[in-house]
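Data file: protein25.txt. Format and content: compact mmCIF, C-alpha atoms.
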# COMPACT_ATOMS: atom_id res chain seq x y z
CA MET A 5 -131.74 -31.81 -40.13
CA SER A 6 -133.66 -35.06 -39.82
CA SER A 7 -135.84 -36.15 -42.70
CA ILE A 8 -137.57 -39.38 -43.52
CA GLY A 9 -135.99 -41.25 -46.38
CA THR A 10 -138.94 -43.49 -47.07
CA GLY A 11 -138.12 -46.07 -49.64
CA TYR A 12 -134.58 -44.88 -50.29
CA ASP A 13 -133.15 -45.82 -46.96
CA LEU A 14 -133.39 -49.59 -46.98
CA SER A 15 -129.89 -50.33 -48.20
CA ALA A 16 -126.55 -48.62 -48.57
CA SER A 17 -126.59 -49.34 -52.27
CA THR A 18 -129.37 -46.84 -52.93
CA PHE A 19 -129.15 -43.08 -53.45
CA SER A 20 -132.10 -40.84 -52.62
CA PRO A 21 -133.36 -38.39 -55.25
CA ASP A 22 -131.48 -35.59 -53.50
CA GLY A 23 -128.21 -37.48 -53.65
CA ARG A 24 -127.96 -38.85 -50.11
CA VAL A 25 -127.16 -42.33 -48.89
CA PHE A 26 -129.47 -42.61 -45.91
CA GLN A 27 -127.94 -45.72 -44.42
CA VAL A 28 -124.66 -43.86 -43.96
CA GLU A 29 -126.47 -40.94 -42.36
CA TYR A 30 -128.30 -43.29 -40.00
CA ALA A 31 -124.95 -44.81 -39.08
CA MET A 32 -123.76 -41.34 -38.12
CA LYS A 33 -126.84 -40.97 -35.90
CA ALA A 34 -125.70 -44.09 -34.06
CA VAL A 35 -122.47 -42.25 -33.30
CA GLU A 36 -124.36 -39.22 -32.06
CA ASN A 37 -126.18 -41.37 -29.51
CA SER A 38 -122.93 -42.41 -27.92
CA SER A 39 -121.09 -40.47 -25.25
CA THR A 40 -118.43 -37.99 -26.21
CA ALA A 41 -114.82 -38.62 -27.14
CA ILE A 42 -112.31 -35.89 -27.95
CA GLY A 43 -108.78 -35.80 -29.29
CA ILE A 44 -106.48 -32.78 -29.29
CA ARG A 45 -103.07 -32.36 -30.86
CA CYS A 46 -100.57 -30.07 -29.19
CA LYS A 47 -96.98 -28.99 -29.63
CA ASP A 48 -95.41 -32.26 -28.52
CA GLY A 49 -98.12 -34.92 -28.60
CA VAL A 50 -101.77 -35.95 -28.74
CA VAL A 51 -104.23 -36.36 -25.84
CA PHE A 52 -107.50 -38.35 -25.95
CA GLY A 53 -110.38 -37.99 -23.51
CA VAL A 54 -113.49 -40.17 -23.41
CA GLU A 55 -116.63 -39.70 -21.33
CA LYS A 56 -117.52 -43.28 -20.43
CA LEU A 57 -121.07 -43.42 -19.09
CA VAL A 58 -121.57 -45.75 -16.16
CA LEU A 59 -124.84 -47.58 -16.64
CA SER A 60 -124.79 -49.82 -13.59
CA LYS A 61 -123.52 -49.87 -10.02
CA LEU A 62 -122.07 -53.30 -10.73
CA TYR A 63 -119.79 -51.88 -13.39
CA GLU A 64 -116.09 -52.66 -12.86
CA GLU A 65 -113.81 -49.65 -12.98
CA GLY A 66 -111.55 -49.57 -16.01
CA SER A 67 -113.49 -52.06 -18.09
CA ASN A 68 -115.19 -51.44 -21.43
CA LYS A 69 -112.31 -49.35 -22.64
CA ARG A 70 -113.00 -46.95 -25.45
CA ILE A 71 -109.39 -46.08 -26.14
CA PHE A 72 -107.35 -48.71 -27.97
CA ASN A 73 -103.70 -49.18 -28.75
CA ILE A 74 -103.27 -49.80 -32.46
CA ASP A 75 -99.49 -49.95 -32.47
CA ARG A 76 -96.87 -48.81 -29.99
CA HIS A 77 -97.07 -45.28 -31.30
CA ILE A 78 -100.75 -45.05 -32.31
CA GLY A 79 -103.88 -44.71 -30.20
CA MET A 80 -107.56 -44.79 -31.17
CA ALA A 81 -110.52 -43.27 -29.32
CA VAL A 82 -113.98 -44.35 -30.47
CA ALA A 83 -117.63 -43.32 -30.31
CA GLY A 84 -120.67 -45.22 -31.51
CA LEU A 85 -121.41 -48.94 -31.53
CA LEU A 86 -118.61 -50.37 -29.43
CA ALA A 87 -118.67 -53.77 -31.13
CA ASP A 88 -118.16 -52.16 -34.53
CA ALA A 89 -115.37 -50.05 -33.10
CA ARG A 90 -113.58 -53.07 -31.64
CA SER A 91 -113.62 -54.86 -34.96
CA LEU A 92 -112.21 -51.77 -36.69
CA ALA A 93 -109.48 -51.52 -34.06
CA GLU A 94 -108.53 -55.06 -35.00
CA VAL A 95 -108.46 -54.08 -38.69
CA ALA A 96 -106.24 -51.12 -37.90
CA ARG A 97 -103.91 -53.34 -35.87
CA GLU A 98 -103.55 -55.78 -38.74
CA GLU A 99 -102.82 -52.97 -41.18
CA SER A 100 -100.07 -51.60 -38.93
CA SER A 101 -98.59 -55.01 -38.36
CA ASN A 102 -98.58 -55.92 -42.05
CA PHE A 103 -97.03 -52.60 -42.96
CA ARG A 104 -94.19 -53.16 -40.51
CA SER A 105 -93.71 -56.68 -41.80
CA ASN A 106 -93.55 -55.50 -45.42
CA TYR A 107 -91.60 -52.27 -45.08
CA GLY A 108 -89.56 -52.61 -41.91
CA HIS A 109 -90.73 -49.40 -40.21
CA ASP A 110 -93.68 -47.90 -38.30
CA ILE A 111 -96.73 -47.07 -40.37
CA PRO A 112 -97.20 -43.32 -40.89
CA LEU A 113 -100.53 -42.27 -39.34
CA LYS A 114 -101.88 -40.66 -42.49
CA HIS A 115 -101.43 -43.90 -44.38
CA LEU A 116 -103.10 -45.97 -41.66
CA SER A 117 -105.96 -43.52 -41.50
CA ASP A 118 -106.41 -43.69 -45.29
CA ARG A 119 -106.34 -47.49 -45.27
CA VAL A 120 -108.88 -47.88 -42.44
CA ALA A 121 -111.07 -45.18 -43.97
CA MET A 122 -111.05 -47.12 -47.27
CA TYR A 123 -112.12 -50.23 -45.36
CA VAL A 124 -114.98 -48.35 -43.65
CA HIS A 125 -115.99 -46.86 -46.99
CA ALA A 126 -116.19 -50.31 -48.59
CA TYR A 127 -119.05 -51.16 -46.23
CA THR A 128 -121.06 -48.22 -47.56
CA LEU A 129 -121.22 -49.63 -51.09
CA TYR A 130 -123.27 -52.82 -50.80
CA SER A 131 -126.74 -53.84 -49.75
CA ALA A 132 -125.47 -57.08 -48.27
CA VAL A 133 -123.68 -55.32 -45.42
CA ARG A 134 -124.42 -52.34 -43.21
CA PRO A 135 -122.05 -49.42 -42.65
CA PHE A 136 -120.00 -49.32 -39.43
CA GLY A 137 -121.83 -47.43 -36.71
CA CYS A 138 -118.80 -45.77 -35.20
CA SER A 139 -116.43 -42.86 -35.66
CA PHE A 140 -112.94 -42.88 -34.33
CA ILE A 141 -110.00 -40.60 -33.74
CA LEU A 142 -106.47 -41.80 -34.41
CA GLY A 143 -103.43 -40.14 -32.91
CA SER A 144 -99.70 -40.72 -32.96
CA TYR A 145 -96.37 -39.09 -32.23
CA ASP A 146 -93.09 -39.47 -34.07
CA LYS A 147 -89.96 -37.50 -33.30
CA ASP A 148 -89.44 -36.53 -36.94
CA ASP A 149 -93.01 -36.00 -38.13
CA GLY A 150 -94.32 -34.73 -34.80
CA PRO A 151 -97.84 -35.31 -33.45
CA GLN A 152 -100.65 -36.29 -35.85
CA LEU A 153 -104.42 -36.55 -35.38
CA TYR A 154 -106.97 -38.01 -37.83
CA MET A 155 -110.67 -38.68 -37.56
CA VAL A 156 -112.63 -41.28 -39.56
CA ASP A 157 -116.43 -41.33 -39.74
CA PRO A 158 -118.91 -43.98 -40.97
CA SER A 159 -118.93 -42.57 -44.49
CA GLY A 160 -115.28 -43.51 -44.84
CA ILE A 161 -113.71 -40.08 -45.02
CA SER A 162 -110.69 -39.16 -42.98
CA TYR A 163 -109.41 -35.70 -42.16
CA GLY A 164 -106.43 -34.44 -40.20
CA TYR A 165 -107.18 -32.17 -37.25
CA TRP A 166 -105.65 -30.13 -34.47
CA GLY A 167 -108.66 -30.98 -32.34
CA CYS A 168 -111.87 -32.93 -32.89
CA ALA A 169 -114.84 -34.32 -31.02
CA ILE A 170 -117.29 -37.16 -31.71
CA GLY A 171 -120.41 -38.35 -29.95
CA LYS A 172 -123.43 -36.69 -28.37
CA ALA A 173 -121.81 -33.49 -27.11
CA LYS A 174 -119.51 -32.96 -30.06
CA GLN A 175 -120.79 -29.46 -30.82
CA ALA A 176 -120.31 -28.26 -27.25
CA ALA A 177 -116.92 -29.95 -27.09
CA LYS A 178 -115.83 -28.37 -30.38
CA THR A 179 -116.73 -24.93 -29.03
CA GLU A 180 -114.56 -25.54 -25.98
CA ILE A 181 -111.71 -26.96 -28.05
CA GLU A 182 -111.71 -23.91 -30.32
CA LYS A 183 -111.00 -21.74 -27.28
CA LEU A 184 -107.70 -23.50 -26.67
CA GLN A 185 -104.33 -22.47 -28.08
CA MET A 186 -103.25 -26.03 -28.53
CA LYS A 187 -100.30 -25.34 -30.80
CA ASP A 188 -98.50 -23.68 -27.88
CA MET A 189 -99.41 -26.21 -25.21
CA THR A 190 -97.53 -29.25 -23.98
CA CYS A 191 -99.16 -32.60 -23.25
CA ARG A 192 -99.07 -32.07 -19.49
CA GLU A 193 -101.00 -28.80 -19.82
CA LEU A 194 -103.36 -30.26 -22.38
CA VAL A 195 -104.31 -33.29 -20.28
CA LYS A 196 -105.91 -31.00 -17.72
CA GLU A 197 -107.79 -29.06 -20.39
CA VAL A 198 -109.09 -32.26 -21.99
CA ALA A 199 -110.39 -33.47 -18.63
CA LYS A 200 -112.02 -30.08 -18.09
CA ILE A 201 -113.78 -30.20 -21.47
CA ILE A 202 -115.19 -33.65 -20.79
CA TYR A 203 -116.48 -32.50 -17.43
CA ILE A 204 -118.01 -29.40 -19.03
CA VAL A 205 -119.88 -31.26 -21.76
CA HIS A 206 -121.10 -34.06 -19.50
CA ASP A 207 -124.83 -33.72 -18.92
CA GLU A 208 -125.48 -34.34 -15.22
CA VAL A 209 -129.21 -34.41 -15.69
CA LYS A 210 -129.63 -36.91 -18.49
CA ASP A 211 -126.59 -39.13 -17.83
CA LYS A 212 -125.66 -39.81 -14.24
CA ALA A 213 -122.23 -41.11 -13.41
CA PHE A 214 -119.35 -41.28 -15.81
CA GLU A 215 -115.75 -42.44 -15.82
CA LEU A 216 -113.12 -40.35 -17.55
CA GLU A 217 -110.73 -42.27 -19.76
CA LEU A 218 -107.58 -40.34 -20.63
CA SER A 219 -104.66 -41.34 -22.78
CA TRP A 220 -101.73 -39.65 -24.44
CA VAL A 221 -98.88 -40.16 -26.83
CA GLY A 222 -96.03 -37.73 -27.26
CA GLU A 223 -92.59 -36.66 -26.20
CA VAL A 224 -93.70 -37.16 -22.59
CA THR A 225 -94.17 -40.88 -23.26
CA ASN A 226 -91.28 -41.22 -25.70
CA GLY A 227 -93.60 -41.83 -28.60
CA ARG A 228 -95.56 -44.66 -26.95
CA HIS A 229 -99.35 -44.46 -26.67
CA GLU A 230 -100.43 -45.12 -23.06
CA LEU A 231 -103.27 -44.49 -20.66
CA VAL A 232 -102.37 -41.47 -18.57
CA PRO A 233 -100.75 -42.48 -15.25
CA LYS A 234 -102.97 -42.42 -12.15
CA ASP A 235 -101.39 -39.36 -10.55
CA VAL A 236 -101.63 -37.27 -13.71
CA ARG A 237 -105.24 -38.34 -14.21
CA GLU A 238 -106.18 -37.46 -10.64
CA GLU A 239 -104.51 -34.05 -11.00
CA ALA A 240 -106.36 -33.45 -14.27
CA GLU A 241 -109.73 -34.47 -12.77
CA LYS A 242 -109.14 -32.24 -9.78
CA TYR A 243 -108.35 -29.32 -12.07
CA ALA A 244 -111.50 -30.07 -14.07
CA LYS A 245 -113.75 -30.26 -11.02
CA ASP A 246 -112.22 -27.11 -9.51
CA SER A 247 -112.68 -25.14 -12.74
CA LEU A 248 -116.33 -26.15 -12.88
CA GLU A 249 -116.93 -25.07 -9.31
CA GLU A 250 -115.34 -21.72 -10.03
CA GLU A 251 -117.65 -21.19 -12.95
CA ASP A 252 -120.64 -22.17 -10.83
CA ASP A 253 -119.52 -19.77 -8.13
CA SER A 254 -119.05 -16.93 -10.59
CA ASP A 255 -122.53 -17.61 -11.98
CA GLU A 256 -123.95 -17.32 -8.48
CA ASP A 257 -122.12 -14.02 -7.93
CA ASN A 258 -123.54 -12.65 -11.16
CA MET A 259 -127.01 -13.53 -9.97
CA MET B 23 -69.26 -53.54 -51.97
CA GLU B 24 -70.81 -50.63 -50.14
CA LYS B 25 -69.63 -47.99 -47.81
CA HIS B 26 -71.23 -45.60 -45.44
CA CYS B 27 -69.50 -42.25 -45.27
CA THR B 28 -70.61 -39.28 -43.18
CA ASP B 29 -73.22 -37.87 -45.48
CA SER B 30 -73.32 -40.14 -48.47
CA ARG B 31 -73.16 -43.68 -49.66
CA VAL B 32 -70.63 -45.08 -52.02
CA LYS B 33 -71.38 -48.32 -53.77
CA GLY B 34 -68.92 -50.06 -55.95
CA VAL B 35 -69.26 -53.13 -58.06
CA SER B 36 -67.08 -54.92 -60.56
CA THR B 37 -68.72 -56.18 -63.66
CA GLY B 38 -67.69 -59.76 -64.37
CA VAL B 39 -70.46 -62.31 -64.78
CA SER B 40 -69.55 -65.97 -64.92
CA LYS B 41 -71.12 -69.38 -65.26
CA PRO B 42 -70.03 -72.18 -62.97
CA ALA B 43 -67.92 -75.15 -64.11
CA PRO B 44 -66.55 -75.23 -66.66
CA GLU B 45 -65.62 -71.66 -65.70
CA TYR B 46 -66.61 -69.19 -68.35
CA VAL B 47 -67.12 -65.47 -68.19
CA SER B 48 -70.23 -64.59 -70.15
CA SER B 49 -69.73 -60.84 -69.99
CA LYS B 50 -67.12 -58.38 -68.72
CA THR B 51 -69.32 -55.31 -68.85
CA ILE B 52 -72.55 -56.00 -66.96
CA ASN B 53 -73.86 -53.23 -64.72
CA LYS B 54 -74.88 -54.79 -61.44
CA VAL B 55 -75.73 -51.56 -59.68
CA ILE B 56 -79.41 -50.92 -60.28
CA GLN B 57 -81.44 -47.91 -59.22
CA VAL B 58 -84.66 -48.93 -57.47
CA HIS B 59 -85.68 -45.40 -56.51
CA ASP B 60 -84.38 -41.82 -56.68
CA ARG B 61 -81.96 -42.24 -53.80
CA ILE B 62 -81.82 -46.01 -53.41
CA PHE B 63 -79.55 -48.40 -55.31
CA CYS B 64 -79.01 -52.16 -55.19
CA CYS B 65 -76.03 -54.34 -56.01
CA MET B 66 -77.06 -57.72 -57.36
CA ALA B 67 -75.36 -60.97 -56.36
CA GLY B 68 -75.90 -64.63 -57.13
CA SER B 69 -77.83 -65.68 -60.20
CA LEU B 70 -78.23 -62.48 -62.18
CA ALA B 71 -81.33 -63.79 -63.88
CA ASP B 72 -83.01 -64.24 -60.51
CA ALA B 73 -81.66 -60.95 -59.22
CA GLN B 74 -82.92 -59.04 -62.22
CA ALA B 75 -86.37 -60.57 -61.90
CA VAL B 76 -86.55 -59.75 -58.19
CA ILE B 77 -85.36 -56.18 -58.74
CA LYS B 78 -87.95 -55.65 -61.46
CA SER B 79 -90.73 -56.62 -59.07
CA ALA B 80 -89.23 -54.65 -56.18
CA LYS B 81 -88.86 -51.53 -58.30
CA PHE B 82 -92.56 -51.57 -59.19
CA HIS B 83 -93.59 -52.28 -55.64
CA LEU B 84 -91.46 -49.43 -54.28
CA SER B 85 -92.69 -47.00 -56.88
CA PHE B 86 -96.30 -47.78 -55.94
CA HIS B 87 -95.50 -47.56 -52.23
CA SER B 88 -93.83 -44.20 -52.74
CA VAL B 89 -96.87 -42.80 -54.55
CA GLN B 90 -99.19 -44.07 -51.78
CA MET B 91 -96.98 -42.58 -49.07
CA GLU B 92 -96.63 -39.31 -51.00
CA SER B 93 -92.94 -39.31 -50.14
CA PRO B 94 -89.77 -41.17 -51.22
CA PRO B 95 -89.46 -44.60 -49.60
CA GLN B 96 -87.17 -45.20 -46.67
CA VAL B 97 -84.10 -47.30 -47.43
CA ILE B 98 -85.28 -49.90 -44.92
CA ALA B 99 -88.52 -50.17 -46.88
CA ALA B 100 -86.63 -50.97 -50.10
CA ALA B 101 -84.49 -53.51 -48.29
CA SER B 102 -87.59 -55.08 -46.66
CA VAL B 103 -89.34 -55.44 -50.01
CA LEU B 104 -86.32 -57.26 -51.43
CA LYS B 105 -86.03 -59.36 -48.30
CA ASP B 106 -89.65 -60.50 -48.55
CA LEU B 107 -89.16 -61.59 -52.15
CA CYS B 108 -85.94 -63.44 -51.32
CA TYR B 109 -87.31 -65.07 -48.17
CA LYS B 110 -90.70 -66.12 -49.47
CA ASN B 111 -89.22 -67.62 -52.62
CA LYS B 112 -86.05 -68.99 -51.10
CA ASP B 113 -86.65 -72.43 -52.57
CA GLU B 114 -86.60 -71.14 -56.13
CA LEU B 115 -84.26 -68.17 -56.02
CA GLN B 116 -80.53 -67.67 -55.74
CA ALA B 117 -80.23 -63.93 -55.37
CA GLY B 118 -78.78 -61.59 -52.77
CA PHE B 119 -78.59 -57.81 -52.62
CA LEU B 120 -76.65 -54.99 -51.09
CA THR B 121 -79.11 -52.12 -50.74
CA ALA B 122 -77.89 -48.63 -50.03
CA GLY B 123 -79.33 -45.17 -50.20
CA TRP B 124 -80.29 -41.98 -48.48
CA ASP B 125 -83.60 -41.07 -46.85
CA LYS B 126 -84.75 -38.03 -44.93
CA LYS B 127 -85.48 -39.82 -41.68
CA ASN B 128 -82.26 -41.76 -41.13
CA GLY B 129 -79.76 -40.34 -43.62
CA PRO B 130 -77.38 -42.70 -45.44
CA GLN B 131 -77.79 -46.41 -44.74
CA VAL B 132 -76.55 -49.79 -45.98
CA TYR B 133 -78.50 -53.07 -45.75
CA VAL B 134 -77.59 -56.59 -46.77
CA VAL B 135 -80.21 -59.07 -47.95
CA SER B 136 -78.56 -62.45 -48.10
CA LEU B 137 -79.55 -65.46 -50.22
CA GLY B 138 -82.07 -66.95 -47.79
CA GLY B 139 -83.66 -63.60 -47.01
CA MET B 140 -81.83 -62.37 -43.91
CA LEU B 141 -81.87 -58.59 -43.61
CA ILE B 142 -79.24 -56.75 -41.61
CA SER B 143 -77.94 -53.23 -41.42
CA GLN B 144 -74.22 -52.57 -41.65
CA GLN B 145 -71.78 -49.69 -41.96
CA VAL B 146 -69.71 -51.36 -44.67
CA THR B 147 -70.33 -54.56 -46.52
CA ILE B 148 -68.79 -56.61 -49.33
CA GLY B 149 -70.13 -59.43 -51.46
CA GLY B 150 -69.55 -61.52 -54.57
CA SER B 151 -66.83 -64.00 -55.49
CA GLY B 152 -64.01 -61.46 -55.37
CA SER B 153 -64.99 -60.26 -51.90
CA THR B 154 -63.16 -63.14 -50.23
CA TYR B 155 -59.85 -61.57 -51.23
CA ILE B 156 -60.53 -58.20 -49.66
CA TYR B 157 -62.00 -58.93 -46.22
CA GLY B 158 -58.65 -58.16 -44.66
CA TYR B 159 -58.25 -54.94 -46.60
CA VAL B 160 -61.73 -53.70 -45.76
CA ASP B 161 -61.47 -54.63 -42.08
CA ALA B 162 -58.12 -52.88 -41.80
CA LYS B 163 -58.75 -49.79 -43.86
CA TYR B 164 -62.41 -48.91 -43.14
CA LYS B 165 -62.95 -46.12 -40.68
CA PRO B 166 -66.28 -44.49 -39.86
CA ASN B 167 -67.13 -40.91 -40.90
CA MET B 168 -64.87 -40.77 -43.93
CA THR B 169 -65.35 -37.96 -46.42
CA LYS B 170 -66.79 -38.65 -49.86
CA GLU B 171 -63.35 -38.55 -51.49
CA GLU B 172 -61.79 -40.88 -48.93
CA CYS B 173 -64.71 -43.22 -49.35
CA LEU B 174 -64.43 -43.27 -53.13
CA GLN B 175 -60.72 -43.96 -52.92
CA PHE B 176 -61.28 -46.76 -50.41
CA ALA B 177 -63.96 -48.38 -52.59
CA THR B 178 -61.86 -48.11 -55.74
CA ASN B 179 -58.85 -49.62 -54.05
CA ALA B 180 -60.87 -52.47 -52.62
CA LEU B 181 -62.41 -53.27 -55.99
CA ALA B 182 -59.05 -53.08 -57.71
CA LEU B 183 -57.53 -55.53 -55.24
CA ALA B 184 -60.42 -57.96 -55.65
CA MET B 185 -60.41 -57.72 -59.41
CA GLY B 186 -56.67 -58.28 -59.39
CA ARG B 187 -56.84 -61.56 -57.49
CA ASP B 188 -60.18 -63.09 -58.52
CA ASN B 189 -60.10 -64.67 -61.96
CA VAL B 190 -63.82 -64.26 -62.54
CA SER B 191 -63.97 -60.64 -61.39
CA GLY B 192 -62.88 -57.86 -63.63
CA GLY B 193 -63.83 -55.68 -66.50
CA VAL B 194 -65.15 -52.33 -65.35
CA ALA B 195 -65.68 -50.86 -61.88
CA HIS B 196 -69.00 -49.06 -61.34
CA LEU B 197 -69.26 -46.72 -58.40
CA VAL B 198 -72.31 -44.73 -57.35
CA VAL B 199 -72.31 -41.91 -54.81
CA ILE B 200 -75.73 -41.20 -53.25
CA THR B 201 -76.35 -38.05 -51.23
CA GLU B 202 -79.31 -35.92 -50.27
CA LYS B 203 -78.55 -33.68 -53.24
CA GLY B 204 -78.36 -36.37 -55.87
CA VAL B 205 -76.63 -39.34 -57.40
CA GLU B 206 -73.21 -39.44 -59.06
CA HIS B 207 -71.97 -42.32 -61.23
CA VAL B 208 -68.26 -43.04 -61.49
CA VAL B 209 -67.10 -45.64 -63.99
CA VAL B 210 -63.50 -46.80 -63.97
CA PRO B 211 -62.31 -49.13 -66.74
CA GLY B 212 -60.11 -52.02 -65.55
CA ASP B 213 -56.93 -50.60 -66.96
CA LYS B 214 -57.41 -47.26 -65.16
CA LEU B 215 -57.77 -48.82 -61.70
CA PRO B 216 -55.05 -48.20 -59.09
CA LYS B 217 -52.21 -50.70 -59.40
CA PHE B 218 -50.78 -52.62 -56.46
CA HIS B 219 -47.43 -54.30 -56.29
CA ASP B 220 -48.81 -57.79 -57.04
CA GLU B 221 -49.27 -56.87 -60.71
For this file, produce the structure as structure tokens.
Amino acid sequence: MSSIGTGYDLSASTFSPDGRVFQVEYAMKAVENSSTAIGIRCKDGVVFGVEKLVLSKLYEEGSNKRIFNIDRHIGMAVAGLLADARSLAEVAREESSNFRSNYGHDIPLKHLSDRVAMYVHAYTLYSAVRPFGCSFILGSYDKDDGPQLYMVDPSGISYGYWGCAIGKAKQAAKTEIEKLQMKDMTCRELVKEVAKIIYIVHDEVKDKAFELELSWVGEVTNGRHELVPKDVREEAEKYAKDSLEEEDDSDEDNM
Amino acid sequence: MEKHCTDSRVKGVSTGVSKPAPEYVSSKTINKVIQVHDRIFCCMAGSLADAQAVIKSAKFHLSFHSVQMESPPQVIAAASVLKDLCYKNKDELQAGFLTAGWDKKNGPQVYVVSLGGMLISQQVTIGGSGSTYIYGYVDAKYKPNMTKEECLQFATNALALAMGRDNVSGGVAHLVVITEKGVEHVVVPGDKLPKFHDE
């Protein structure tokens, strides 16, 4: 679907003759170059999984996080330009904090998602600034409203989802996500499936090592967004690796 | 004064408005119970001019907030909006509020926003000049989880006692009952209030 927008792609304040804003589309390409992040909503919570590519042997484990805490009950997984994503996480944090200061209660996720999406959209209107080169997935859990999942992309739209994927392997990840019956699963079951999907979509040939970042928010954490505890993560990674080996084995049998 | 019963809120207010020394009652029939949203009401206290101005702003703010949220506001949100106005303008204003209402998340609630902008949640609360005379009555007679009828009777009695003793309280008693289903106004003229043996 790539086309050259010669002449109409120099600023976000210009439409092309066929009604496209190329700068926004180029921003989305920046997201597609980044490694995959997925978010899935289940019966009692939301689980995020991020494939964090390891570019150097000197890399410290656990650094360069791509999952942020926006408020106690809200988490954000990002893909795209990490610097842009960090600044948007800060924007989201301020929105949540101001809302609590003004209205005395936690910000509902839909409202936060709308507000941050409006902010992202504002940067697609002017030639003086460039659009944000990142997409992100927001998730939260509340005992009355249940689990919620929203995704915002560089054009500034936000949609609610049961499962979504962003980044280079988003199509493959979406296919895997669609196979799941997430409405009937609990967070503990889902964590293992999320790990498995990340392992499936990871391209061993093009990208070498990766670190799996997993987080969840739900009844299991009492509504707080947290990185998944070490033992749960290890169990999930083991499940993921074992499932992949099984599939490899069954492929060999078929041959 | 306001009361929290099992499934509803009862607010009651007497309607005297007075100016300070020399003491003069400017009206005996002011309604100090104002609706700020479908299921949220406020009692005004202090300078009514200030209170009315604050409520006007809060009402707009809440209405906008409710449209943005696509749902009725929580009672704590209404109380927080009032608190912000009172706190940020504490140098200019002399207004306090008793906010009460019903919302889906937490059911019936009562909040007090005092003059300087402190916000606290209570089960039962009283305010105004006549309230000093009924602290004992309220402390003794309030019990949690009353029915709507018991609550109404309790509020009416308390107001009657206050209006009986306080020279600048009196006129008409306004009571409002707020439940999930709706809002009911009860107005009791001074001469129809329960009589106690002091009169």
Please check the contacts: residues of chain B at most 10 Å away from chain A, using only C-alpha atoms, listed as a count of residues only. 21
Selection near Ser247 (chain A), 10 Å with all atoms listed in the file, sequence-local residues under 4 positions removed, as a PyMOL selection string: chain A and resi 197+200+203-204+241-243+251-253
Keeping only C-alpha atoms, write the selected residues to a file as a CSV table (one decimal), in the coordinates of the input.
chain,number,residue,atom,x,y,z
A,197,GLU,CA,-107.8,-29.1,-20.4
A,200,LYS,CA,-112.0,-30.1,-18.1
A,203,TYR,CA,-116.5,-32.5,-17.4
A,204,ILE,CA,-118.0,-29.4,-19.0
A,241,GLU,CA,-109.7,-34.5,-12.8
A,242,LYS,CA,-109.1,-32.2,-9.8
A,243,TYR,CA,-108.4,-29.3,-12.1
A,251,GLU,CA,-117.6,-21.2,-13.0
A,252,ASP,CA,-120.6,-22.2,-10.8
A,253,ASP,CA,-119.5,-19.8,-8.1
Quick one, how far is CA of Ile170 (chain A) from CA of Gly84 (chain A)?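 Value for the CA of Ile170 (chain A)-CA of Gly84 (chain A) distance: 8.7 Å.
The space separating CA of Ala89 (chain A) from CA of Lys210 (chain A) comes to 24.3 Å.
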Which is closest to Val82 (chain A) among A:Ser131, A:Val51, A:Met155, A:Lys61, if we use all atoms listed in the file?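 That would be A:Met155, the residue with the smallest distance to Val82 (chain A).
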I'd like the neighbourhood of region 185-188 of chain A as a PDB file with C-alpha atoms, keeping the file's coordinate frame, where a residue qualifies if any of its atoms comes within 9 Å (using all atoms listed in the file), though same-chain residues fewer than 4 positions away should be ignored.
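Below is the file part.pdb, written as the result:
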ATOM      1  CA  ILE A  44    -106.480 -32.780 -29.290  1.00  0.00           C
ATOM      2  CA  ARG A  45    -103.070 -32.360 -30.860  1.00  0.00           C
ATOM      3  CA  CYS A  46    -100.570 -30.070 -29.190  1.00  0.00           C
ATOM      4  CA  LYS A  47     -96.980 -28.990 -29.630  1.00  0.00           C
ATOM      5  CA  ASP A  48     -95.410 -32.260 -28.520  1.00  0.00           C
ATOM      6  CA  TRP A 166    -105.650 -30.130 -34.470  1.00  0.00           C
ATOM      7  CA  GLY A 167    -108.660 -30.980 -32.340  1.00  0.00           C
ATOM      8  CA  ILE A 181    -111.710 -26.960 -28.050  1.00  0.00           C
ATOM      9  CA  LEU A 194    -103.360 -30.260 -22.380  1.00  0.00           C
TER      10      LEU A 194
END
CA of Lys81 (chain B) to CA of Val58 (chain B): how many Å, to one decimal?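 Calculated distance between CA of Lys81 (chain B) and CA of Val58 (chain B) is 5.0 Å.
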Quick one: residues within 10 Å of Ile161 (chain A), all atoms listed in the file counted, chain neighbours fewer than 2 positions away excluded, as a list in words? Ser117, Asp118, Val120, Ala121, Met122, Val124, His125, Met155, Val156, Asp157, Pro158, Ser159 and Tyr163 of chain A
